[in-house]
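The structure under discussion appears below in the form of structure tokens.
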Amino acid sequence: VNLVEVTQGADLLDRAARGDILAVSRLITAFECGSSAGAGVVGDVYARTGRAKVVGLTGVPGSGKSTLAAALVRQFRELGQTVAVVAVDPSSSISGGAILGDRIRMNAVAGDSGVFVRSMASRRALGGLAAATADAVAVLDACGWDVVIVETVGAGQAEVEIARLAPTVIVVSVPGLGDEIQAIKAGLLEIADIHVVNKSDHPGAHRATTELRLMLRMKPGTDAGAWPTPVLQTIATDGTGLAELRQTVEDHQQWLRATGELARRARTGAGARLRAITGDLLLRRFRNSIEGPDFDRLVDDVVNLRLDPYTAAAEIVSRLIRPEESVKSGASADD
Ligand SMILES: Nc1nc2c(ncn2[C@@H]2O[C@H](COP(=O)(O)OP(=O)(O)O)[C@@H](O)[C@H]2O)c(=O)[nH]1
Ligand SMILES: [Mg+2]
């Protein structure tokens, strides 16, 4: 651990918590790159989390997520709340976020120190995009941002997992794509707390809304205290329906707190993170002991069909757990 970097980390967190946007940005990068500066303050950062309203925004590409994010930013800003947007797009490097940044700047929030936009690039993230995004949200939460919006392209399991980091998930659909219920196709129906049919200025918006509502009514296990997943119509480009969307986000966050669901989701999320990080650490800790002549012999066995890969892997693991015991195959056998 580099002591100079650790000191820099504490200094960065100090400045970031006082609203220095450049410091916030550098702190997120420190976490992303796994630098000592990040490691030095990780405990402080996570200890300070738990205040921000974290909102996931996902849906098919082109559905208007970035435009909606910018419009939501304006809604929360009008109430005096500070808003950070984290744009996650695994397929592009940083251009997507840059475009989002431009859009938000163009929409007259230029020079507003109450708005922060950050894109997450997969090529930078050491421990994976999901971990880097969770860290970025933690940093922003710890630094006192009132609202954190996480925009992800809803086009795969990994993206769905990232959207799930947020206790309130908005799923965006658009009318007239031929397939009225895109959310089902993308596996997003289950994770939506709020459905938005954006581009409601296009034909078919009413039909898309009705079909979504019908689908939701067929969802099993909707008891009395359950959250009645609303389907809202918006036109992100002119702000129609945005005040209602903002209010619905607030309502959902209130419902989460009132019912204890927020704590339940936090617990599920913490468990998932702990499992992922532990897996990472174990792999890193044992990588050197896994690779070696014994490993190469097992590879030979698998290639020559003497062993299936599952049995070979199980052998590696039992050797790691009880290294003093020898294994059946190979020259090291002594029993
Ligand atoms: N007509 C119309 N166009 C919209 C609406 N929302 C977004 N758009 C446009 O749809 C395109 C894609 O929007 P974008 O926010 O980049 O979508 P994303 O890929 O989901 O982030 C842009 O040209 C937007 O101006 C809307 O409500 N109505
Ligand atoms: Mg976008």
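Quick note on naming: the chains in the structure tokens go A, B, ... in the order shown, residues restart at 1 in each chain, and ligands are numbered from 1 in order of appearance.
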
Using only C-alpha atoms, which protein or nucleic acid residues come within 12 Å of Ala69 in chain A? Drop anything in the same chain fewer than 5 positions from it, and give the result as a compact mmCIF listing (two decimals) with C-alpha atoms, in the first residue's frame.
```
# COMPACT_ATOMS: atom_id res chain seq x y z
CA VAL A 55 -32.65 5.23 -9.01
CA GLY A 56 -31.92 2.76 -11.83
CA LEU A 57 -33.00 3.70 -15.34
CA THR A 58 -32.93 0.95 -17.92
CA SER A 63 -35.84 4.45 -25.84
CA GLY A 64 -34.84 7.83 -24.45
CA ARG A 74 -34.17 19.20 -14.02
CA GLN A 75 -37.17 18.02 -11.97
CA PHE A 76 -35.07 17.28 -8.88
CA VAL A 83 -28.41 14.96 -8.69
CA ALA A 84 -25.65 12.72 -10.03
CA VAL A 85 -26.03 10.59 -13.15
CA VAL A 86 -23.89 7.49 -13.65
CA ALA A 87 -24.14 6.26 -17.25
CA GLY A 97 -21.43 9.20 -21.37
CA LEU A 100 -25.19 12.28 -22.14
CA GLY A 101 -22.98 14.96 -20.63
CA ARG A 103 -27.19 16.70 -23.59
CA ILE A 104 -27.40 17.67 -19.94
CA ASN A 107 -30.33 21.60 -21.39
CA VAL A 115 -25.36 18.24 -11.15
CA PHE A 116 -22.70 15.59 -11.72
CA VAL A 117 -22.44 13.30 -14.74
CA VAL A 147 -30.29 11.64 -5.92
CA VAL A 148 -28.13 9.22 -7.91
CA ILE A 149 -29.51 8.04 -11.26
CA VAL A 150 -27.84 4.97 -12.78
CA GLU A 151 -28.53 4.68 -16.51
CA THR A 152 -27.86 1.23 -18.01
CA ILE A 170 -37.44 2.53 -13.78
CA VAL A 172 -38.34 2.49 -20.15
CA ASN A 198 -41.60 7.16 -23.26
CA ALA A 236 -38.83 13.16 -22.35
CA THR A 237 -38.05 15.74 -25.03
CA GLY A 239 -41.00 17.21 -20.16
CA LEU A 242 -41.85 14.16 -15.82
CA LEU A 245 -42.40 10.46 -12.69
CA ARG A 246 -40.38 12.43 -10.13
```

Practice task
Could the residues that lie within 7 Å of ligand 1, counting only C-alpha atoms and all ligand atoms, be listed as number ranges by chain?
Solution key: A: 59-68, 198-202, 234-237

Problem - Atom-to-atom span, CA of Leu232 in chain A and CA of Pro203 in chain A, Å - result: 15.6 Å

Exercise for the section: Can you work out the spacing between CA of Glu5 in chain A and CA of Gly40 in chain A in Å, to one decimal? Expected result: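 CA of Gly40 in chain A lies 7.9 Å from CA of Glu5 in chain A.
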
Who sits within 12 Å of range 46-50 of chain A, only C-alpha atoms, same chain under 4 positions skipped, as a tab-separated table (two decimals) with all heavy atoms, in the first residue's frame:
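out_7.tsv, freshly written:
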```
chain	number	residue	atom	x	y	z
A	13	LEU	N	-11.40	12.54	-0.40
A	13	LEU	CA	-12.73	12.32	0.19
A	13	LEU	C	-13.20	13.59	0.91
A	13	LEU	O	-14.34	13.99	0.78
A	13	LEU	CB	-12.71	11.12	1.14
A	13	LEU	CG	-14.03	10.82	1.87
A	13	LEU	CD1	-15.17	10.61	0.89
A	13	LEU	CD2	-13.88	9.59	2.77
A	17	ALA	N	-16.46	15.50	-0.35
A	17	ALA	CA	-17.62	15.65	0.54
A	17	ALA	C	-18.01	17.11	0.71
A	17	ALA	O	-19.13	17.42	1.09
A	17	ALA	CB	-17.30	15.02	1.90
A	38	GLY	N	-8.00	4.79	-3.31
A	38	GLY	CA	-9.34	4.27	-3.11
A	38	GLY	C	-9.40	3.33	-1.93
A	38	GLY	O	-10.26	3.42	-1.06
A	39	ALA	N	-8.41	2.40	-1.88
A	39	ALA	CA	-8.37	1.40	-0.81
A	39	ALA	C	-8.26	2.08	0.56
A	39	ALA	O	-8.84	1.61	1.54
A	39	ALA	CB	-7.20	0.45	-1.03
A	40	GLY	N	-7.55	3.20	0.61
A	40	GLY	CA	-7.32	3.89	1.87
A	40	GLY	C	-8.58	4.49	2.47
A	40	GLY	O	-8.66	4.69	3.68
A	41	VAL	N	-9.57	4.81	1.63
A	41	VAL	CA	-10.76	5.48	2.15
A	41	VAL	C	-12.04	4.65	1.99
A	41	VAL	O	-13.13	5.12	2.30
A	41	VAL	CB	-10.99	6.86	1.47
A	41	VAL	CG1	-9.91	7.84	1.90
A	41	VAL	CG2	-11.08	6.74	-0.03
A	42	VAL	N	-11.90	3.41	1.52
A	42	VAL	CA	-13.09	2.61	1.22
A	42	VAL	C	-13.99	2.44	2.45
A	42	VAL	O	-15.22	2.54	2.36
A	42	VAL	CB	-12.71	1.24	0.58
A	42	VAL	CG1	-11.90	0.39	1.52
A	42	VAL	CG2	-13.95	0.51	0.10
A	54	VAL	N	-31.31	6.31	-4.68
A	54	VAL	CA	-30.64	5.71	-5.83
A	54	VAL	C	-31.68	5.13	-6.78
A	54	VAL	O	-32.51	4.32	-6.37
A	54	VAL	CB	-29.62	4.63	-5.41
A	54	VAL	CG1	-28.86	4.10	-6.62
A	54	VAL	CG2	-28.65	5.20	-4.37
A	134	ALA	N	-21.19	0.16	-8.49
A	134	ALA	CA	-21.59	0.17	-7.08
A	134	ALA	C	-20.69	1.10	-6.27
A	134	ALA	O	-21.17	1.85	-5.40
A	134	ALA	CB	-21.54	-1.24	-6.50
A	135	ASP	N	-19.39	1.08	-6.56
A	135	ASP	CA	-18.45	1.97	-5.86
A	135	ASP	C	-18.73	3.43	-6.19
A	135	ASP	O	-18.70	4.29	-5.30
A	135	ASP	CB	-17.00	1.63	-6.25
A	135	ASP	CG	-16.52	0.33	-5.64
A	135	ASP	OD1	-17.10	-0.10	-4.63
A	135	ASP	OD2	-15.56	-0.26	-6.18
A	136	ALA	N	-19.01	3.72	-7.46
A	136	ALA	CA	-19.30	5.11	-7.87
A	136	ALA	C	-20.54	5.61	-7.14
A	136	ALA	O	-20.55	6.74	-6.63
A	136	ALA	CB	-19.48	5.19	-9.39
A	137	VAL	N	-21.56	4.77	-7.06
A	137	VAL	CA	-22.79	5.15	-6.36
A	137	VAL	C	-22.48	5.39	-4.88
A	137	VAL	O	-22.95	6.37	-4.28
A	137	VAL	CB	-23.88	4.08	-6.53
A	137	VAL	CG1	-25.06	4.35	-5.60
A	137	VAL	CG2	-24.35	4.01	-7.98
A	138	ALA	N	-21.65	4.52	-4.29
A	138	ALA	CA	-21.28	4.68	-2.88
A	138	ALA	C	-20.55	6.00	-2.65
A	138	ALA	O	-20.82	6.71	-1.68
A	138	ALA	CB	-20.43	3.49	-2.43
A	139	VAL	N	-19.61	6.32	-3.54
A	139	VAL	CA	-18.85	7.57	-3.41
A	139	VAL	C	-19.81	8.76	-3.46
A	139	VAL	O	-19.73	9.68	-2.63
A	139	VAL	CB	-17.79	7.69	-4.53
A	139	VAL	CG1	-17.26	9.12	-4.64
A	139	VAL	CG2	-16.65	6.72	-4.28
A	140	LEU	N	-20.74	8.75	-4.43
A	140	LEU	CA	-21.66	9.88	-4.60
A	140	LEU	C	-22.59	9.99	-3.39
A	140	LEU	O	-22.85	11.09	-2.88
A	140	LEU	CB	-22.46	9.70	-5.89
A	140	LEU	CG	-21.59	9.88	-7.16
A	140	LEU	CD1	-22.26	9.25	-8.38
A	140	LEU	CD2	-21.31	11.36	-7.40
A	141	ASP	N	-23.09	8.85	-2.92
A	141	ASP	CA	-23.94	8.81	-1.73
A	141	ASP	C	-23.16	9.37	-0.54
A	141	ASP	O	-23.64	10.26	0.17
A	141	ASP	CB	-24.36	7.35	-1.49
A	141	ASP	CG	-25.40	7.20	-0.39
A	141	ASP	OD1	-25.74	8.20	0.26
A	141	ASP	OD2	-25.86	6.05	-0.17
A	142	ALA	N	-21.94	8.89	-0.34
A	142	ALA	CA	-21.12	9.33	0.78
A	142	ALA	C	-20.81	10.82	0.73
A	142	ALA	O	-20.66	11.47	1.76
A	142	ALA	CB	-19.81	8.53	0.82
A	143	CYS	N	-20.73	11.34	-0.49
A	143	CYS	CA	-20.38	12.76	-0.64
A	143	CYS	C	-21.61	13.66	-0.58
A	143	CYS	O	-21.53	14.86	-0.82
A	143	CYS	CB	-19.60	12.99	-1.93
A	143	CYS	SG	-17.97	12.25	-1.87
A	144	GLY	N	-22.77	13.08	-0.29
A	144	GLY	CA	-23.94	13.88	0.01
A	144	GLY	C	-24.86	14.21	-1.15
A	144	GLY	O	-25.72	15.08	-1.04
A	145	TRP	N	-24.70	13.51	-2.29
A	145	TRP	CA	-25.63	13.76	-3.40
A	145	TRP	C	-27.00	13.23	-3.03
A	145	TRP	O	-27.13	12.10	-2.54
A	145	TRP	CB	-25.09	13.13	-4.69
A	145	TRP	CG	-23.85	13.86	-5.13
A	145	TRP	CD1	-22.59	13.68	-4.63
A	145	TRP	CD2	-23.77	14.94	-6.06
A	145	TRP	NE1	-21.73	14.58	-5.21
A	145	TRP	CE2	-22.43	15.36	-6.09
A	145	TRP	CE3	-24.71	15.59	-6.89
A	145	TRP	CZ2	-21.99	16.41	-6.91
A	145	TRP	CZ3	-24.27	16.62	-7.70
A	145	TRP	CH2	-22.94	17.02	-7.70
A	146	ASP	N	-28.04	14.03	-3.25
A	146	ASP	CA	-29.39	13.66	-2.83
A	146	ASP	C	-29.95	12.52	-3.67
A	146	ASP	O	-30.58	11.60	-3.15
A	146	ASP	CB	-30.34	14.86	-2.93
A	146	ASP	CG	-29.94	15.97	-1.97
A	146	ASP	OD1	-29.55	15.66	-0.83
A	146	ASP	OD2	-30.02	17.16	-2.36
A	147	VAL	N	-29.74	12.63	-4.99
A	147	VAL	CA	-30.29	11.64	-5.92
A	147	VAL	C	-29.16	11.12	-6.80
A	147	VAL	O	-28.34	11.90	-7.29
A	147	VAL	CB	-31.38	12.28	-6.82
A	147	VAL	CG1	-32.00	11.23	-7.75
A	147	VAL	CG2	-32.47	12.95	-5.99
A	148	VAL	N	-29.10	9.80	-6.98
A	148	VAL	CA	-28.13	9.22	-7.91
A	148	VAL	C	-28.90	8.38	-8.92
A	148	VAL	O	-29.59	7.42	-8.55
A	148	VAL	CB	-27.09	8.34	-7.18
A	148	VAL	CG1	-26.08	7.77	-8.19
A	148	VAL	CG2	-26.36	9.14	-6.10
A	166	ALA	N	-29.90	-0.53	-7.75
A	166	ALA	CA	-30.73	0.58	-7.29
A	166	ALA	C	-32.01	0.04	-6.66
A	166	ALA	O	-32.64	-0.85	-7.22
A	166	ALA	CB	-31.07	1.49	-8.46
A	167	PRO	N	-32.41	0.59	-5.50
A	167	PRO	CA	-33.64	0.12	-4.87
A	167	PRO	C	-34.90	0.53	-5.64
A	167	PRO	O	-35.94	-0.09	-5.46
A	167	PRO	CB	-33.61	0.76	-3.49
A	167	PRO	CG	-32.61	1.85	-3.55
A	167	PRO	CD	-31.65	1.51	-4.64
A	257	ARG	N	-39.01	2.63	2.47
A	257	ARG	CA	-38.62	2.88	3.85
A	257	ARG	C	-39.72	2.44	4.82
A	257	ARG	O	-39.45	1.79	5.83
A	257	ARG	CB	-38.32	4.37	4.06
A	257	ARG	CG	-36.98	4.77	3.46
A	257	ARG	CD	-36.74	6.27	3.52
A	257	ARG	NE	-35.88	6.69	2.43
A	257	ARG	CZ	-34.56	6.60	2.44
A	257	ARG	NH1	-33.95	6.12	3.49
A	257	ARG	NH2	-33.85	6.97	1.39
A	262	LEU	N	-36.69	-1.48	1.88
A	262	LEU	CA	-35.38	-0.89	1.60
A	262	LEU	C	-34.28	-1.68	2.31
A	262	LEU	O	-33.26	-2.03	1.71
A	262	LEU	CB	-35.34	0.58	2.05
A	262	LEU	CG	-34.12	1.38	1.57
A	262	LEU	CD1	-34.12	1.50	0.06
A	262	LEU	CD2	-34.09	2.77	2.20
A	263	ALA	N	-34.53	-2.01	3.58
A	263	ALA	CA	-33.56	-2.79	4.35
A	263	ALA	C	-33.39	-4.18	3.76
A	263	ALA	O	-32.28	-4.71	3.69
A	263	ALA	CB	-34.00	-2.87	5.81
A	266	ALA	N	-31.38	-3.91	0.65
A	266	ALA	CA	-29.99	-3.62	1.01
A	266	ALA	C	-29.27	-4.90	1.43
A	266	ALA	O	-28.12	-5.14	1.08
A	266	ALA	CB	-29.95	-2.58	2.13
A	270	ALA	N	-26.15	-6.54	-0.36
A	270	ALA	CA	-24.90	-6.71	0.37
A	270	ALA	C	-24.41	-8.16	0.26
A	270	ALA	O	-23.21	-8.42	0.10
A	270	ALA	CB	-25.08	-6.31	1.83
```

Practice task
Could you jot down the CA of Ala313 in chain A to CA of Arg284 in chain A separation for me, Å, one decimal place?
Solution key: 16.3 Å

Practice task
Using only C-alpha atoms, pick whichever of A:Ser25, A:Gln247, A:Gln233, A:Gln8 has the shortest atom-to-atom distance to Arg207 in chain A.
Solution key: A:Gln233

Exercise for the section: Any chance you could list, as a ChimeraX atom specification, the residues in range 151-277 of chain A that come up strand (DSSP E) when DSSP is run on the backbone? Expected result: /A:151-153,168-173,194-197,231-233

Would you mind exporting the chosen residues as a short mmCIF file (atom, residue, chain, number, x, y, z; two decimals), in the first residue's frame, restricted to all heavy atoms?
```
data_model
loop_
_atom_site.label_atom_id
_atom_site.label_comp_id
_atom_site.auth_asym_id
_atom_site.auth_seq_id
_atom_site.Cartn_x
_atom_site.Cartn_y
_atom_site.Cartn_z
N GLU A 151 -27.97 5.03 -15.21
CA GLU A 151 -28.53 4.68 -16.51
C GLU A 151 -27.78 3.48 -17.08
O GLU A 151 -26.57 3.51 -17.24
CB GLU A 151 -28.42 5.86 -17.49
CG GLU A 151 -28.96 5.51 -18.88
CD GLU A 151 -28.62 6.53 -19.97
OE1 GLU A 151 -28.30 7.68 -19.63
OE2 GLU A 151 -28.64 6.14 -21.15
N THR A 152 -28.51 2.39 -17.39
CA THR A 152 -27.86 1.23 -18.01
C THR A 152 -28.66 0.79 -19.23
O THR A 152 -29.89 0.90 -19.25
CB THR A 152 -27.75 0.02 -17.06
OG1 THR A 152 -29.06 -0.53 -16.87
CG2 THR A 152 -27.18 0.39 -15.73
N VAL A 153 -27.97 0.29 -20.24
CA VAL A 153 -28.64 -0.27 -21.40
C VAL A 153 -29.23 -1.61 -20.99
O VAL A 153 -28.50 -2.50 -20.57
CB VAL A 153 -27.64 -0.47 -22.55
CG1 VAL A 153 -28.36 -1.02 -23.78
CG2 VAL A 153 -26.94 0.82 -22.87
N THR A 168 -34.80 1.59 -6.45
CA THR A 168 -35.92 1.97 -7.31
C THR A 168 -35.48 1.81 -8.77
O THR A 168 -34.54 2.46 -9.20
CB THR A 168 -36.34 3.43 -7.07
OG1 THR A 168 -36.78 3.58 -5.72
CG2 THR A 168 -37.48 3.83 -8.02
N VAL A 169 -36.16 0.92 -9.50
CA VAL A 169 -35.77 0.69 -10.89
C VAL A 169 -36.88 1.16 -11.83
O VAL A 169 -38.03 0.71 -11.73
CB VAL A 169 -35.47 -0.80 -11.15
CG1 VAL A 169 -35.15 -1.05 -12.63
CG2 VAL A 169 -34.31 -1.28 -10.28
N ILE A 170 -36.51 2.06 -12.75
CA ILE A 170 -37.44 2.53 -13.78
C ILE A 170 -37.09 1.79 -15.07
O ILE A 170 -35.94 1.79 -15.50
CB ILE A 170 -37.29 4.04 -14.03
CG1 ILE A 170 -37.52 4.83 -12.73
CG2 ILE A 170 -38.23 4.51 -15.13
CD1 ILE A 170 -37.23 6.32 -12.87
N VAL A 171 -38.08 1.14 -15.69
CA VAL A 171 -37.87 0.47 -16.97
C VAL A 171 -38.58 1.27 -18.06
O VAL A 171 -39.78 1.54 -17.97
CB VAL A 171 -38.37 -0.99 -16.93
CG1 VAL A 171 -38.33 -1.60 -18.33
CG2 VAL A 171 -37.52 -1.82 -15.98
N VAL A 172 -37.82 1.64 -19.08
CA VAL A 172 -38.34 2.49 -20.15
C VAL A 172 -38.67 1.66 -21.39
O VAL A 172 -37.84 0.88 -21.86
CB VAL A 172 -37.30 3.57 -20.55
CG1 VAL A 172 -37.90 4.55 -21.55
CG2 VAL A 172 -36.77 4.29 -19.32
N SER A 173 -39.89 1.80 -21.90
CA SER A 173 -40.27 1.20 -23.18
C SER A 173 -40.71 2.32 -24.11
O SER A 173 -40.93 3.45 -23.67
CB SER A 173 -41.45 0.23 -23.02
OG SER A 173 -41.30 -0.56 -21.87
N ILE A 194 -41.15 0.92 -11.52
CA ILE A 194 -41.94 1.91 -12.24
C ILE A 194 -41.72 1.66 -13.73
O ILE A 194 -40.57 1.55 -14.19
CB ILE A 194 -41.47 3.34 -11.90
CG1 ILE A 194 -41.59 3.61 -10.40
CG2 ILE A 194 -42.26 4.38 -12.72
CD1 ILE A 194 -40.89 4.89 -9.93
N HIS A 195 -42.81 1.51 -14.48
CA HIS A 195 -42.70 1.41 -15.93
C HIS A 195 -42.97 2.77 -16.56
O HIS A 195 -43.88 3.48 -16.15
CB HIS A 195 -43.72 0.41 -16.49
CG HIS A 195 -43.27 -1.00 -16.39
ND1 HIS A 195 -42.34 -1.55 -17.26
CD2 HIS A 195 -43.61 -1.99 -15.53
CE1 HIS A 195 -42.14 -2.81 -16.93
NE2 HIS A 195 -42.88 -3.11 -15.88
N VAL A 196 -42.15 3.11 -17.55
CA VAL A 196 -42.38 4.35 -18.29
C VAL A 196 -42.51 4.00 -19.77
O VAL A 196 -41.66 3.31 -20.32
CB VAL A 196 -41.20 5.33 -18.09
CG1 VAL A 196 -41.26 6.46 -19.11
CG2 VAL A 196 -41.21 5.90 -16.68
N VAL A 197 -43.62 4.45 -20.37
CA VAL A 197 -43.74 4.38 -21.83
C VAL A 197 -43.35 5.76 -22.33
O VAL A 197 -44.12 6.71 -22.25
CB VAL A 197 -45.17 4.00 -22.26
CG1 VAL A 197 -45.29 4.02 -23.79
CG2 VAL A 197 -45.54 2.63 -21.73
N VAL A 231 -47.59 2.33 -14.44
CA VAL A 231 -47.13 2.52 -15.82
C VAL A 231 -47.42 3.96 -16.21
O VAL A 231 -48.58 4.37 -16.30
CB VAL A 231 -47.86 1.56 -16.79
CG1 VAL A 231 -47.29 1.71 -18.21
CG2 VAL A 231 -47.74 0.11 -16.32
N LEU A 232 -46.37 4.74 -16.40
CA LEU A 232 -46.52 6.16 -16.69
C LEU A 232 -46.18 6.43 -18.15
O LEU A 232 -45.37 5.73 -18.75
CB LEU A 232 -45.60 7.00 -15.79
CG LEU A 232 -45.68 6.76 -14.29
CD1 LEU A 232 -44.68 7.66 -13.56
CD2 LEU A 232 -47.09 7.03 -13.78
N GLN A 233 -46.79 7.48 -18.70
CA GLN A 233 -46.44 7.91 -20.06
C GLN A 233 -45.64 9.21 -19.97
O GLN A 233 -45.98 10.10 -19.19
CB GLN A 233 -47.71 8.15 -20.87
CG GLN A 233 -48.50 6.87 -21.12
CD GLN A 233 -49.65 7.09 -22.11
OE1 GLN A 233 -49.87 8.20 -22.59
NE2 GLN A 233 -50.37 6.03 -22.41
#
```
